[in-house]
Every structure is written in structure tokens, then in C-alpha cells.
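Structure data follow from final21.cif (mmCIF, C-alpha atoms and all ligand atoms):
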```
data_data
#
loop_
_atom_site.label_atom_id
_atom_site.label_comp_id
_atom_site.auth_asym_id
_atom_site.auth_seq_id
_atom_site.Cartn_x
_atom_site.Cartn_y
_atom_site.Cartn_z
CA MET U 679 -13.58 42.30 61.30
CA ALA U 680 -11.26 39.85 63.05
CA SER U 681 -9.50 42.11 65.52
CA SER U 682 -10.16 39.77 68.45
CA ILE U 683 -8.34 36.77 66.90
CA PRO U 684 -4.85 36.19 68.40
CA LEU U 685 -2.15 37.31 65.99
CA ASP U 686 -0.53 33.84 65.66
CA THR U 687 -3.79 32.19 64.77
CA LEU U 688 -4.46 34.91 62.29
CA LYS U 689 -1.01 34.60 60.69
CA ALA U 690 -1.33 30.82 60.39
CA SER U 691 -4.70 31.12 58.74
CA LEU U 692 -3.32 33.64 56.27
CA VAL U 693 -0.62 31.35 54.93
CA HIS U 694 -3.06 28.83 53.53
CA PRO U 695 -5.56 29.50 50.83
CA PRO U 696 -8.85 30.38 52.42
CA LYS U 697 -11.71 28.01 51.69
CA VAL U 698 -13.54 30.50 49.57
CA THR U 699 -14.67 30.17 46.02
CA SER U 700 -14.32 33.82 45.08
CA VAL U 701 -12.67 37.04 46.19
CA LYS U 702 -16.16 38.46 46.53
CA ALA U 703 -17.09 35.75 49.04
CA LEU U 704 -13.83 36.38 50.89
CA VAL U 705 -14.38 40.10 51.35
CA GLU U 706 -18.01 39.56 52.28
CA SER U 707 -17.27 36.86 54.86
CA THR U 708 -17.90 37.95 58.44
CA ASP U 709 -14.36 37.23 59.65
CA PHE U 710 -12.60 39.05 56.83
CA SER U 711 -9.87 41.24 58.31
CA SER U 712 -8.16 44.30 56.98
CA LEU U 713 -5.12 42.15 56.13
CA ILE U 714 -5.28 40.22 52.90
CA PRO U 715 -4.41 36.50 53.06
CA SER U 716 -0.86 35.86 51.90
CA PHE U 717 -2.35 33.64 49.23
CA TYR U 718 -3.19 36.87 47.40
CA THR U 719 0.12 38.61 47.97
CA PHE U 720 1.71 39.50 44.70
CA THR U 721 5.46 39.79 45.21
CA HIS U 722 6.13 42.01 42.25
CA ASN U 723 6.71 45.58 43.42
CA LEU U 724 4.26 47.71 41.51
CA HIS U 725 6.03 50.89 42.48
CA ASP U 726 9.32 49.88 40.88
CA GLU U 727 8.02 50.57 37.43
CA PRO U 728 7.58 54.11 36.18
CA ILE U 729 4.14 55.61 35.62
CA SER U 730 3.79 57.95 32.69
CA ASP U 731 3.42 61.55 33.71
CA ASP U 732 3.46 63.21 30.31
CA PRO U 733 0.26 65.31 30.18
CA ASP U 734 0.57 65.83 26.42
CA ASP U 735 0.61 62.15 25.62
CA SER U 736 -2.89 60.78 25.48
CA ILE U 737 -4.59 57.71 24.09
CA PRO U 738 -5.72 58.29 20.47
CA ILE U 739 -9.44 58.76 19.84
CA ILE U 740 -11.02 57.28 16.73
CA ASP U 741 -14.40 58.53 15.52
CA ILE U 742 -15.64 55.34 13.89
CA SER U 743 -18.73 57.00 12.41
CA LEU U 744 -16.43 58.75 9.94
CA LEU U 745 -15.42 55.37 8.52
CA VAL U 746 -18.91 54.57 7.34
CA SER U 747 -20.49 57.90 6.45
CA SER U 748 -18.09 60.55 5.31
CA THR U 749 -16.10 61.72 2.32
CA PRO U 750 -13.22 59.56 1.05
CA GLU U 751 -10.83 62.25 2.36
CA GLU U 752 -12.24 62.02 5.87
CA GLN U 753 -12.13 58.24 5.71
CA SER U 754 -8.50 58.20 4.73
CA GLN U 755 -7.77 60.62 7.55
CA VAL U 756 -9.28 58.18 10.08
CA ILE U 757 -7.35 55.31 8.49
CA HIS U 758 -4.19 57.32 8.92
CA GLN U 759 -5.11 57.93 12.57
CA LEU U 760 -5.58 54.17 12.96
CA THR U 761 -2.13 53.47 11.52
CA LYS U 762 -0.63 55.82 14.08
CA ALA U 763 -2.78 54.55 16.96
CA CYS U 764 -1.97 50.90 16.26
CA SER U 765 1.74 51.41 15.67
CA ASP U 766 2.54 54.07 18.30
CA TRP U 767 0.20 52.90 21.03
CA GLY U 768 -1.39 49.52 20.30
CA CYS U 769 -4.67 50.86 21.67
CA PHE U 770 -7.23 53.61 21.14
CA MET U 771 -10.63 54.90 22.26
CA VAL U 772 -13.53 54.55 19.83
CA ILE U 773 -16.35 57.09 19.88
CA ASN U 774 -19.65 57.28 17.96
CA HIS U 775 -19.67 53.49 17.74
CA GLY U 776 -23.36 52.67 18.02
CA VAL U 777 -23.15 50.54 21.18
CA SER U 778 -25.51 52.59 23.33
CA GLU U 779 -24.43 53.66 26.78
CA SER U 780 -27.65 52.19 28.17
CA LEU U 781 -26.83 48.78 26.65
CA THR U 782 -23.32 48.85 28.16
CA LYS U 783 -24.76 49.87 31.53
CA ALA U 784 -27.36 47.09 31.35
CA MET U 785 -24.58 44.59 30.55
CA ILE U 786 -22.50 45.74 33.52
CA ALA U 787 -25.58 45.58 35.79
CA SER U 788 -26.38 42.05 34.56
CA PHE U 789 -22.84 40.87 35.27
CA GLN U 790 -23.12 42.41 38.74
CA GLU U 791 -26.30 40.38 39.28
CA PHE U 792 -24.50 37.27 38.15
CA PHE U 793 -21.64 37.84 40.62
CA ASP U 794 -24.27 38.48 43.32
CA LEU U 795 -25.79 35.01 42.84
CA PRO U 796 -25.14 32.59 45.73
CA GLU U 797 -21.74 30.89 45.41
CA GLU U 798 -23.49 27.52 45.06
CA GLU U 799 -25.34 28.68 41.97
CA LYS U 800 -22.23 30.14 40.34
CA LYS U 801 -20.38 26.87 40.95
CA GLU U 802 -22.49 25.29 38.24
CA TYR U 803 -20.44 27.32 35.74
CA GLN U 804 -17.01 26.62 37.15
CA GLY U 805 -14.67 25.44 34.42
CA ASN U 806 -11.00 24.85 33.97
CA HIS U 807 -10.34 24.87 30.29
CA VAL U 808 -9.91 27.96 28.14
CA MET U 809 -12.27 26.42 25.60
CA ASP U 810 -15.17 25.82 28.02
CA PRO U 811 -18.09 27.79 26.56
CA ILE U 812 -19.09 29.25 29.93
CA ARG U 813 -16.54 29.56 32.68
CA CYS U 814 -16.72 31.33 35.96
CA GLY U 815 -13.97 31.37 38.54
CA THR U 816 -11.47 33.32 40.53
CA GLY U 817 -7.79 34.10 40.10
CA PHE U 818 -6.24 33.46 36.73
CA ASN U 819 -5.60 29.87 35.94
CA PRO U 820 -5.23 28.04 39.24
CA SER U 821 -3.51 25.11 37.54
CA ILE U 822 -0.50 27.15 36.38
CA ASN U 823 -0.58 30.26 38.51
CA LYS U 824 0.27 29.97 42.18
CA ALA U 825 -0.52 33.45 43.50
CA ASN U 826 -4.18 34.16 43.43
CA LEU U 827 -5.38 37.26 41.70
CA TRP U 828 -7.74 39.72 43.32
CA ARG U 829 -10.50 39.14 40.81
CA ASP U 830 -13.40 36.91 39.97
CA PHE U 831 -14.51 36.36 36.40
CA LEU U 832 -17.18 35.03 34.12
CA LYS U 833 -16.32 34.22 30.50
CA CYS U 834 -18.75 33.16 27.79
CA VAL U 835 -18.10 32.22 24.19
CA THR U 836 -20.58 34.41 22.31
CA HIS U 837 -19.53 33.75 18.68
CA PRO U 838 -19.66 31.74 16.39
CA GLU U 839 -22.07 30.02 18.79
CA PHE U 840 -23.71 32.00 21.51
CA HIS U 841 -23.45 30.66 25.07
CA SER U 842 -24.51 32.33 28.27
CA PRO U 843 -25.67 31.35 31.74
CA ASN U 844 -29.45 31.13 32.05
CA LYS U 845 -29.48 33.31 35.14
CA PRO U 846 -29.91 36.04 36.23
CA ALA U 847 -33.11 36.84 34.33
CA GLY U 848 -32.47 38.87 31.20
CA PHE U 849 -28.72 38.17 31.14
CA SER U 850 -28.80 36.15 27.91
CA GLU U 851 -30.78 38.73 25.95
CA ILE U 852 -28.54 41.60 27.01
CA ALA U 853 -25.36 39.59 26.41
CA LEU U 854 -26.53 38.61 22.92
CA GLU U 855 -27.32 42.19 21.96
CA PHE U 856 -24.13 43.54 23.52
CA SER U 857 -21.88 40.98 21.84
CA LYS U 858 -23.55 41.48 18.43
CA ARG U 859 -23.20 45.26 18.55
CA ASN U 860 -19.54 44.98 19.51
CA GLN U 861 -18.90 42.40 16.80
CA GLU U 862 -20.22 44.96 14.31
CA VAL U 863 -17.82 47.59 15.63
CA VAL U 864 -14.91 45.18 15.24
CA THR U 865 -16.01 44.25 11.71
CA VAL U 866 -15.79 47.92 10.70
CA LEU U 867 -12.47 48.37 12.50
CA LEU U 868 -10.88 45.31 10.88
CA LYS U 869 -11.69 46.63 7.41
CA ALA U 870 -10.15 49.99 8.24
CA ILE U 871 -7.16 48.37 9.92
CA SER U 872 -6.59 46.17 6.84
CA LYS U 873 -6.49 49.34 4.74
CA SER U 874 -4.25 51.03 7.27
CA LEU U 875 -1.75 48.23 6.65
CA GLY U 876 -1.94 48.82 2.91
CA LEU U 877 -3.95 45.62 2.41
CA GLU U 878 -7.29 45.19 0.72
CA GLU U 879 -10.28 46.03 2.91
CA SER U 880 -11.38 42.44 3.48
CA TYR U 881 -7.87 41.05 4.06
CA ILE U 882 -8.07 40.41 7.82
CA ASP U 883 -11.68 39.31 7.59
CA LYS U 884 -10.71 36.58 5.11
CA ALA U 885 -7.32 35.65 6.57
CA ALA U 886 -8.84 35.19 10.04
CA ASN U 887 -12.14 33.75 8.77
CA PHE U 888 -13.71 36.36 11.00
CA GLU U 889 -17.26 35.33 10.09
CA LEU U 890 -16.62 32.26 12.20
CA GLY U 891 -14.31 34.13 14.55
CA LEU U 892 -14.20 33.43 18.26
CA GLN U 893 -15.71 36.12 20.43
CA LEU U 894 -15.29 35.82 24.19
CA LEU U 895 -17.37 37.98 26.48
CA ALA U 896 -15.60 38.23 29.83
CA ALA U 897 -16.36 40.19 32.95
CA ASN U 898 -13.82 40.86 35.68
CA TYR U 899 -14.93 41.63 39.22
CA TYR U 900 -12.34 43.27 41.47
CA PRO U 901 -13.69 43.89 44.99
CA ALA U 902 -12.23 46.80 46.95
CA CYS U 903 -9.01 45.49 48.51
CA PRO U 904 -7.81 46.65 51.95
CA GLU U 905 -4.15 46.34 50.88
CA PRO U 906 -4.23 47.26 47.20
CA GLU U 907 -0.47 47.66 46.88
CA LYS U 908 0.05 44.01 47.89
CA ALA U 909 -2.44 42.45 45.50
CA ILE U 910 -3.00 42.55 41.77
CA GLY U 911 -6.17 42.27 39.68
CA ILE U 912 -4.40 40.92 36.58
CA PRO U 913 -0.61 41.19 36.13
CA SER U 914 0.93 42.47 32.93
CA HIS U 915 -0.15 40.39 29.95
CA TYR U 916 -1.12 40.50 26.29
CA ASP U 917 -4.50 39.43 24.97
CA HIS U 918 -4.90 36.71 22.37
CA GLY U 919 -7.07 37.43 19.35
CA LEU U 920 -7.23 40.36 16.96
CA LEU U 921 -8.81 43.17 18.97
CA THR U 922 -10.09 43.39 22.55
CA ILE U 923 -12.83 45.85 23.46
CA LEU U 924 -12.88 46.98 27.08
CA VAL U 925 -15.41 48.95 29.11
CA ASN U 926 -15.72 49.38 32.87
CA ASN U 927 -18.00 50.67 35.60
CA GLY U 928 -16.30 54.04 35.95
CA VAL U 929 -13.76 52.84 38.51
CA SER U 930 -10.26 53.02 37.08
CA GLY U 931 -7.49 50.44 37.44
CA LEU U 932 -6.47 49.51 33.91
CA GLN U 933 -2.96 50.45 32.85
CA VAL U 934 -1.29 49.99 29.48
CA LYS U 935 2.41 50.00 28.78
CA HIS U 936 3.40 52.83 26.50
CA LYS U 937 7.02 53.80 25.76
CA GLU U 938 8.23 51.58 28.64
CA LYS U 939 5.99 53.32 31.17
CA TRP U 940 2.64 52.41 32.66
CA PHE U 941 -0.18 54.64 31.58
CA ASN U 942 -3.50 54.93 33.47
CA VAL U 943 -6.49 54.36 31.23
CA ASN U 944 -9.70 56.17 32.10
CA ILE U 945 -12.42 54.85 29.87
CA HIS U 946 -15.04 57.46 29.10
CA PRO U 947 -18.56 56.08 29.77
CA ASN U 948 -19.50 56.48 26.15
CA ALA U 949 -16.29 55.21 24.60
CA LEU U 950 -15.00 51.73 23.86
CA PHE U 951 -11.37 51.09 24.65
CA VAL U 952 -9.75 48.93 21.97
CA GLN U 953 -6.48 47.03 22.32
CA VAL U 954 -4.35 45.41 19.62
CA ALA U 955 -4.01 41.72 20.48
CA ASP U 956 -1.59 38.95 19.49
CA HIS U 957 -3.22 37.76 16.26
CA LEU U 958 -3.27 41.23 14.76
CA GLU U 959 0.42 41.42 15.64
CA ILE U 960 1.02 38.14 13.78
CA LEU U 961 -1.10 39.06 10.73
CA SER U 962 0.64 42.43 10.47
CA ASN U 963 4.04 40.74 10.83
CA GLY U 964 4.78 42.89 13.86
CA LYS U 965 3.85 46.22 12.30
CA TYR U 966 1.20 46.51 15.00
CA LYS U 967 2.16 45.04 18.38
CA SER U 968 -0.21 43.65 20.97
CA ILE U 969 -0.20 45.91 24.00
CA ALA U 970 0.94 44.91 27.49
CA HIS U 971 -1.65 45.83 30.09
CA ARG U 972 -2.60 45.05 33.68
CA ALA U 973 -5.41 45.71 36.16
CA LEU U 974 -4.66 47.22 39.56
CA VAL U 975 -7.04 47.14 42.51
CA ASN U 976 -8.00 49.89 44.94
CA ASN U 977 -9.28 50.13 48.51
CA LYS U 978 -12.33 52.29 47.81
CA ALA U 979 -14.68 50.70 45.36
CA THR U 980 -15.41 47.48 43.53
CA ARG U 981 -14.24 47.68 39.96
CA MET U 982 -15.92 45.77 37.16
CA SER U 983 -14.69 45.56 33.62
CA ILE U 984 -15.94 43.81 30.53
CA ALA U 985 -13.36 42.56 28.06
CA LEU U 986 -14.57 41.29 24.70
CA ALA U 987 -11.91 39.32 22.86
CA HIS U 988 -12.39 39.08 19.09
CA GLY U 989 -10.27 36.47 17.43
CA PRO U 990 -9.89 34.42 14.26
CA SER U 991 -11.87 31.23 13.80
CA LEU U 992 -10.31 28.50 15.88
CA ASP U 993 -9.08 26.29 13.04
CA THR U 994 -7.70 28.92 10.71
CA VAL U 995 -3.92 29.00 10.40
CA ILE U 996 -2.77 32.51 11.22
CA ARG U 997 0.38 33.75 9.57
CA PRO U 998 1.86 37.13 8.66
CA ALA U 999 0.42 38.72 5.51
CA PRO U 1000 2.93 37.88 2.74
CA GLU U 1001 2.59 41.49 1.53
CA LEU U 1002 4.12 42.64 4.82
CA ALA U 1003 7.15 40.37 4.69
CA ASP U 1004 10.19 40.27 2.42
CA ASN U 1005 13.61 38.70 2.54
CA GLU U 1006 15.38 41.93 3.35
CA SER U 1007 14.15 44.45 5.90
CA HIS U 1008 10.91 42.68 6.90
CA PRO U 1009 11.57 38.98 7.47
CA LEU U 1010 8.74 36.79 8.68
CA MET U 1011 8.58 37.27 12.43
CA TYR U 1012 6.03 34.71 13.66
CA VAL U 1013 5.41 31.00 13.74
CA GLU U 1014 2.23 30.05 11.94
CA MET U 1015 -0.38 28.10 13.83
CA THR U 1016 -4.11 27.88 14.29
CA TYR U 1017 -5.77 30.02 16.92
CA ARG U 1018 -6.73 26.81 18.74
CA GLU U 1019 -3.08 25.66 18.85
CA PHE U 1020 -2.10 29.10 20.10
CA LEU U 1021 -4.63 28.95 22.96
CA GLU U 1022 -3.54 25.46 23.90
CA LEU U 1023 0.10 26.50 23.94
CA GLN U 1024 -0.81 29.51 26.05
CA GLN U 1025 -2.35 27.18 28.63
CA THR U 1026 1.02 25.51 29.08
CA GLY U 1027 2.53 28.89 30.01
CA LYS U 1028 5.22 28.56 27.31
CA LEU U 1029 3.64 30.59 24.61
CA ARG U 1030 5.44 33.91 24.43
CA SER U 1031 8.84 32.48 23.79
CA LYS U 1032 7.35 30.27 21.11
CA PHE U 1033 5.18 32.35 18.86
CA ARG U 1034 7.75 35.01 18.06
CA LEU U 1035 10.47 33.62 15.85
CA ASN U 1036 13.96 34.28 17.12
CA SER U 1037 16.49 35.95 14.84
CA GLU U 1038 17.98 32.64 13.67
CA GLN U 1039 14.57 31.27 12.79
CA CYS U 1040 13.72 34.50 10.96
CA LYS U 1041 16.72 34.04 8.71
CA ALA U 1042 15.70 30.48 7.93
CA PHE U 1043 12.43 31.58 6.31
C1 LIG F 1101 -8.48 41.10 30.58
C2 LIG F 1101 -7.99 42.41 31.03
C3 LIG F 1101 -8.32 44.50 32.15
C4 LIG F 1101 -9.31 45.17 33.02
O1 LIG F 1101 -9.58 40.70 31.01
O2 LIG F 1101 -7.78 40.44 29.79
O3 LIG F 1101 -6.89 42.74 30.67
O4 LIG F 1101 -9.28 46.40 33.05
N1 LIG F 1101 -8.75 43.19 31.79
O5 LIG F 1101 -10.08 44.51 33.70
NI NI F 1102 -6.22 41.55 29.00
#
```

Conversion result in C-alpha cells:
Amino acid sequence: MASSIPLDTLKASLVHPPKVTSVKALVESTDFSSLIPSFYTFTHNLHDEPISDDPDDSIPIIDISLLVSSTPEEQSQVIHQLTKACSDWGCFMVINHGVSESLTKAMIASFQEFFDLPEEEKKEYQGNHVMDPIRCGTGFNPSINKANLWRDFLKCVTHPEFHSPNKPAGFSEIALEFSKRNQEVVTVLLKAISKSLGLEESYIDKAANFELGLQLLAANYYPACPEPEKAIGIPSHYDHGLLTILVNNGVSGLQVKHKEKWFNVNIHPNALFVQVADHLEILSNGKYKSIAHRALVNNKATRMSIALAHGPSLDTVIRPAPELADNESHPLMYVEMTYREFLELQQTGKLRSKFRLNSEQCKAF
């Protein structure tokens, strides 16, 4: 702790970004004080926005096993639950999914070992572009985002080609198994979601060319933060892709926006938390909306989460299903573009105003 440093010196050092490569290295450095560097101060006042306090409102739970082995009546019941979950919430918990708790725990432990590697070794995987197959770093996107986020990350493209760091030992094998099992869950969900939209079972699979779809395996590492109300893990955002699967290490921090209020998400150790993402919103012509979410930090424990983004194949043009658009009450709501173009536009920071058509453009279609 730095209690013996004169206050002025301390203040001056806080204004400039510390020469650290990760938040983890910052909090573990010997002169880390109980004040966070201003470089990490997030000006947005978290307490201005209401938190949901309705005890009867809870995140829908989908028993996915009923989609594959049950009577047609039970299946259509689950499909109905999915319609409600995707349209009312934009997220749901999946149970009985076949991704074993021990595999998820092993994946979290392997990511922990990766983050524990010496900074020099992690540097090898530092990348700047969203399309880099393996990318480790800190903050969000330093090139477009000035305030640093209280999180470190590692992202690997795991489908259609599998990439992973070759250390720590065993990481690759666990990551391959974990990403395959989750891809299977999403395959089942996309069929059911297609039906829930009144489309044929394979609609999304084909329209997104999901067999060659992009899967990104990302881990977020949020060290305990001495001033959690001043920092943010990840500010409010929407995920690209069709569906994101999220799990964490039992420490909460994820919030989703539901009915204009923030809702705390506690992910059960044996459940997968699934979020509707932008490309499902586009394909469904806005019937299902991608969900706004954010990650807060706390001053007690390190939080780790794994987010698996499942998207279309990069070069497939994604457009609303014609069946879900008409010239009267359901005009086309989205600009069509490939997933790759979408990601590139997102990098420029101009995406959200561009992919939704405005009312004038809607009329023109
Ligand atoms: C993300 C994300 C939330 C979390 O990685 O896109 O929203 O709980 N993560 O870490
Ligand atoms: Ni996200």
C-alpha cells in the first residue's frame, strides 16, 4: 500500500495511465493504493439508473432437454416459453444442457491459469483487431475508448477454425471440448428459436450459414476493485452475433436491462445464461431484440466470466427473414450486411446508428 507517498505525488501519478499491461498486474503491484488511478474512473453515475426490485419478475428458465426428448406437446410448450423469453426479456437460463459442471469449472480454472501467466508471456497474444484469432488485453478497445475498463480479457476464435494459446498446459483441450459442447447447445436452440418465430426449423441455421459460423470464446477477468462505484467492468452494450452464452465463477456482477431497469443476474453453477444478440435481432426483423447488459465490479472478490459469442459465418449477408416483414405493420427494420462488415463498422464506433434503419429508410423499402 502506498500510504507513505506524499498526496501530490500520488495525485500526479494517478492522472496518467499507469505503465501496466493489465488490471491484474496493477492490483498486484506492490505500490498499488486503495485509490484507483483516474485512468480507470468511469464518469457515468451507476446509481442514477434504477435497479429492478420486483421479486416476482425473474429470468425465464428453459429446460433444453425437453426439446430433444419429449412429446410434441412438451416441445411446443418449450418453444412457446422461448418466444416469451426472447421477446419479453432477450435472455434466459438454460438447464439440462449437457455441458457438464466439471467441464465449465475446468474451463474457468484454465482461464485463471492463463491470466496468472507472467505478463511477458501473455504479451505474445496481445492483439488489436477484432478479427485476430487470439487476442489478450485489457480495457475495451484502447484505440477508440479513452477510459480504461476494470477488466482483462482473452478472446479466441474457436469456430469455424479452432485457435487457442498453447499455454497453460491442457488449455487447448479443455477449450476445444467446452466450445464444441456449447456449439451443440446453440445448434439446438437455434432450431427451436426458428420455430418460435414461425419459421422452418433450419431457417436460422441456413440463413446464417451457422455450420461455418463464428464462435468466439472470451474470458473476462475483473479483479476486486477498491473503489467499485468509480470503475466499470464493461459498460452497457449489446453483443454481436446470434446468441451469447455466459457463465461465471460464482461472483456476481452481470446486469441486464429489463423494462428500463437494471436487473442483477445470478448465474446458477449448473445453468448457462443465454442472451439474444444483434444478428438474431436482425434476422427476426426486431421481433427479438438484443439485450443491453453490463458488468459491474466489486471490492471483495475477483470475478471471472466466460462469454461465448455464436454468430453467422463472416461472409454471409444477414437480413431480416422476408416472412417476418411486410409493407404494412412490419416494415424491414435493418440494413443488410455481412457479419464481417458489421464487425468492421462496430470497430469504428458508429455501428448502432447505422444498422437499424430509421423510419424514413423503412418506408423506402
Ligand atoms: C461480454 C460481457 C459480461 C460479464 O463479454 O460481452 O458482456 O458478465 N460480459 O462478464
Ligand atoms: Ni456482452

Could you pull out the residues sitting within 8 Å of ligand NI 1102 (chain F), using only C-alpha atoms and all ligand atoms, and write them as an mmCIF file with C-alpha atoms, in the coordinates of the input?
```cif
data_model
loop_
_atom_site.group_PDB
_atom_site.id
_atom_site.type_symbol
_atom_site.label_atom_id
_atom_site.label_comp_id
_atom_site.auth_asym_id
_atom_site.auth_seq_id
_atom_site.Cartn_x
_atom_site.Cartn_y
_atom_site.Cartn_z
ATOM 1 C CA ILE U 912 -4.400 40.920 36.580
ATOM 2 C CA HIS U 915 -0.150 40.390 29.950
ATOM 3 C CA TYR U 916 -1.120 40.500 26.290
ATOM 4 C CA ASP U 917 -4.500 39.430 24.970
ATOM 5 C CA THR U 922 -10.090 43.390 22.550
ATOM 6 C CA HIS U 971 -1.650 45.830 30.090
ATOM 7 C CA ARG U 972 -2.600 45.050 33.680
ATOM 8 C CA ALA U 985 -13.360 42.560 28.060
#
```

From U:Ile739, U:Pro901, U:Gly805, U:Ala784, residue lying nearest Ser850 (chain U) [only C-alpha atoms]: U:Ala784

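Atom pair CA of Gln753 (chain U) / CA of Asn948 (chain U) has a distance of 21.8 Å (rounded to one decimal).
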
Measuring between all atoms listed in the file, which one of U:Asp735, U:Asp830, U:Glu855, U:Glu879 shows the shortest distance to Ile757 (chain U)?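 For Ile757 (chain U), the nearest of the given residues is U:Glu879.
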
Surroundings of ligand LIG 1101 (chain F) up to 10 Å, based on all atoms listed in the file, as an NGL selection string: :U and (818 or 829 or 831-833 or 895-900 or 911-918 or 922-926 or 929-934 or 943-945 or 951 or 953 or 969-975 or 981-987)

Suppose you want the space between CA of Ser842 (chain U) and CA of Asn860 (chain U); what is it in Å? 16.2 Å

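When the distance limit is 8 Å and all atoms listed in the file are what count, the residues near region 762-777 of chain U, minus those fewer than 5 positions from it on the same chain, are Ile737, Pro738, Ile739, Ile740, Asp741, Ile742, Ser743, Thr782, Phe856, Arg859, Asn860, Val863, His936, Ile945, Asn948, Ala949, Leu950, Phe951, Val952, Gln953, Val954, Lys965, Tyr966, Lys967, Ser968 and Ile969 of chain U.
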
Scan for residues within 10 Å of the point (-16.2, 46.0, 50.2) in the coordinates of the file, using only C-alpha atoms, and reply as a ChimeraX atom specification. /U:702,704-706,900-904,977-980

Residue nearest His957 (chain U) - candidates U:Thr994, U:Ser736, U:Gln861, U:Asn942, atoms counted: all atoms listed in the file: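 Result for the nearest residue to His957 (chain U): U:Thr994.
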
Counting only C-alpha atoms, which residues sit no farther than 9 Å from the position (-24.3, 36.5, 38.4) in the file's frame? I'd like them as a ChimeraX atom specification. /U:788-796,799-800,832,843,845-846,849

Could you check the closest approach to Leu892 (chain U) for each of U:Ser991, U:Asn826, U:Ser880, U:Ser962 and tell me which residue wins, using only C-alpha atoms?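 Closest to Leu892 (chain U) of all the choices is U:Ser991.
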
Coordinates-based distance that separates CA of Gly919 (chain U) from CA of Asp993 (chain U) (Å, one decimal): 13.0 Å

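Here the question is which of U:Ser700, U:Ser730, U:Ser857, U:Ser780 gets nearest to Cys814 (chain U) using all atoms listed in the file, and that residue is U:Ser700.
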
Go through U:Val808, U:Asp731, U:His988, U:Glu907 and flag the residue nearest Phe1020 (chain U), using all atoms listed in the file for the distances.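 Of U:Val808, U:Asp731, U:His988, U:Glu907, the one nearest Phe1020 (chain U) is U:Val808, counting all atoms listed in the file.
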
Can you tell me, as a ChimeraX atom specification, what residues are no more than 12 Å from Ile882 (chain U) when counting all atoms listed in the file, ignoring any on the same chain fewer than 2 positions away? /U:864-880,884-889,891,919-921,957-962,989-991,994,996-999

Save the residues we just selected, C-alpha atoms, as a compact mmCIF listing (two decimals), keeping the file's coordinate frame?
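What follows is the written file out28.txt:
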```txt
# COMPACT_ATOMS: atom_id res chain seq x y z
CA VAL U 864 -14.91 45.18 15.24
CA THR U 865 -16.01 44.25 11.71
CA VAL U 866 -15.79 47.92 10.70
CA LEU U 867 -12.47 48.37 12.50
CA LEU U 868 -10.88 45.31 10.88
CA LYS U 869 -11.69 46.63 7.41
CA ALA U 870 -10.15 49.99 8.24
CA ILE U 871 -7.16 48.37 9.92
CA SER U 872 -6.59 46.17 6.84
CA LYS U 873 -6.49 49.34 4.74
CA SER U 874 -4.25 51.03 7.27
CA LEU U 875 -1.75 48.23 6.65
CA GLY U 876 -1.94 48.82 2.91
CA LEU U 877 -3.95 45.62 2.41
CA GLU U 878 -7.29 45.19 0.72
CA GLU U 879 -10.28 46.03 2.91
CA SER U 880 -11.38 42.44 3.48
CA LYS U 884 -10.71 36.58 5.11
CA ALA U 885 -7.32 35.65 6.57
CA ALA U 886 -8.84 35.19 10.04
CA ASN U 887 -12.14 33.75 8.77
CA PHE U 888 -13.71 36.36 11.00
CA GLU U 889 -17.26 35.33 10.09
CA GLY U 891 -14.31 34.13 14.55
CA GLY U 919 -7.07 37.43 19.35
CA LEU U 920 -7.23 40.36 16.96
CA LEU U 921 -8.81 43.17 18.97
CA HIS U 957 -3.22 37.76 16.26
CA LEU U 958 -3.27 41.23 14.76
CA GLU U 959 0.42 41.42 15.64
CA ILE U 960 1.02 38.14 13.78
CA LEU U 961 -1.10 39.06 10.73
CA SER U 962 0.64 42.43 10.47
CA GLY U 989 -10.27 36.47 17.43
CA PRO U 990 -9.89 34.42 14.26
CA SER U 991 -11.87 31.23 13.80
CA THR U 994 -7.70 28.92 10.71
CA ILE U 996 -2.77 32.51 11.22
CA ARG U 997 0.38 33.75 9.57
CA PRO U 998 1.86 37.13 8.66
CA ALA U 999 0.42 38.72 5.51
```
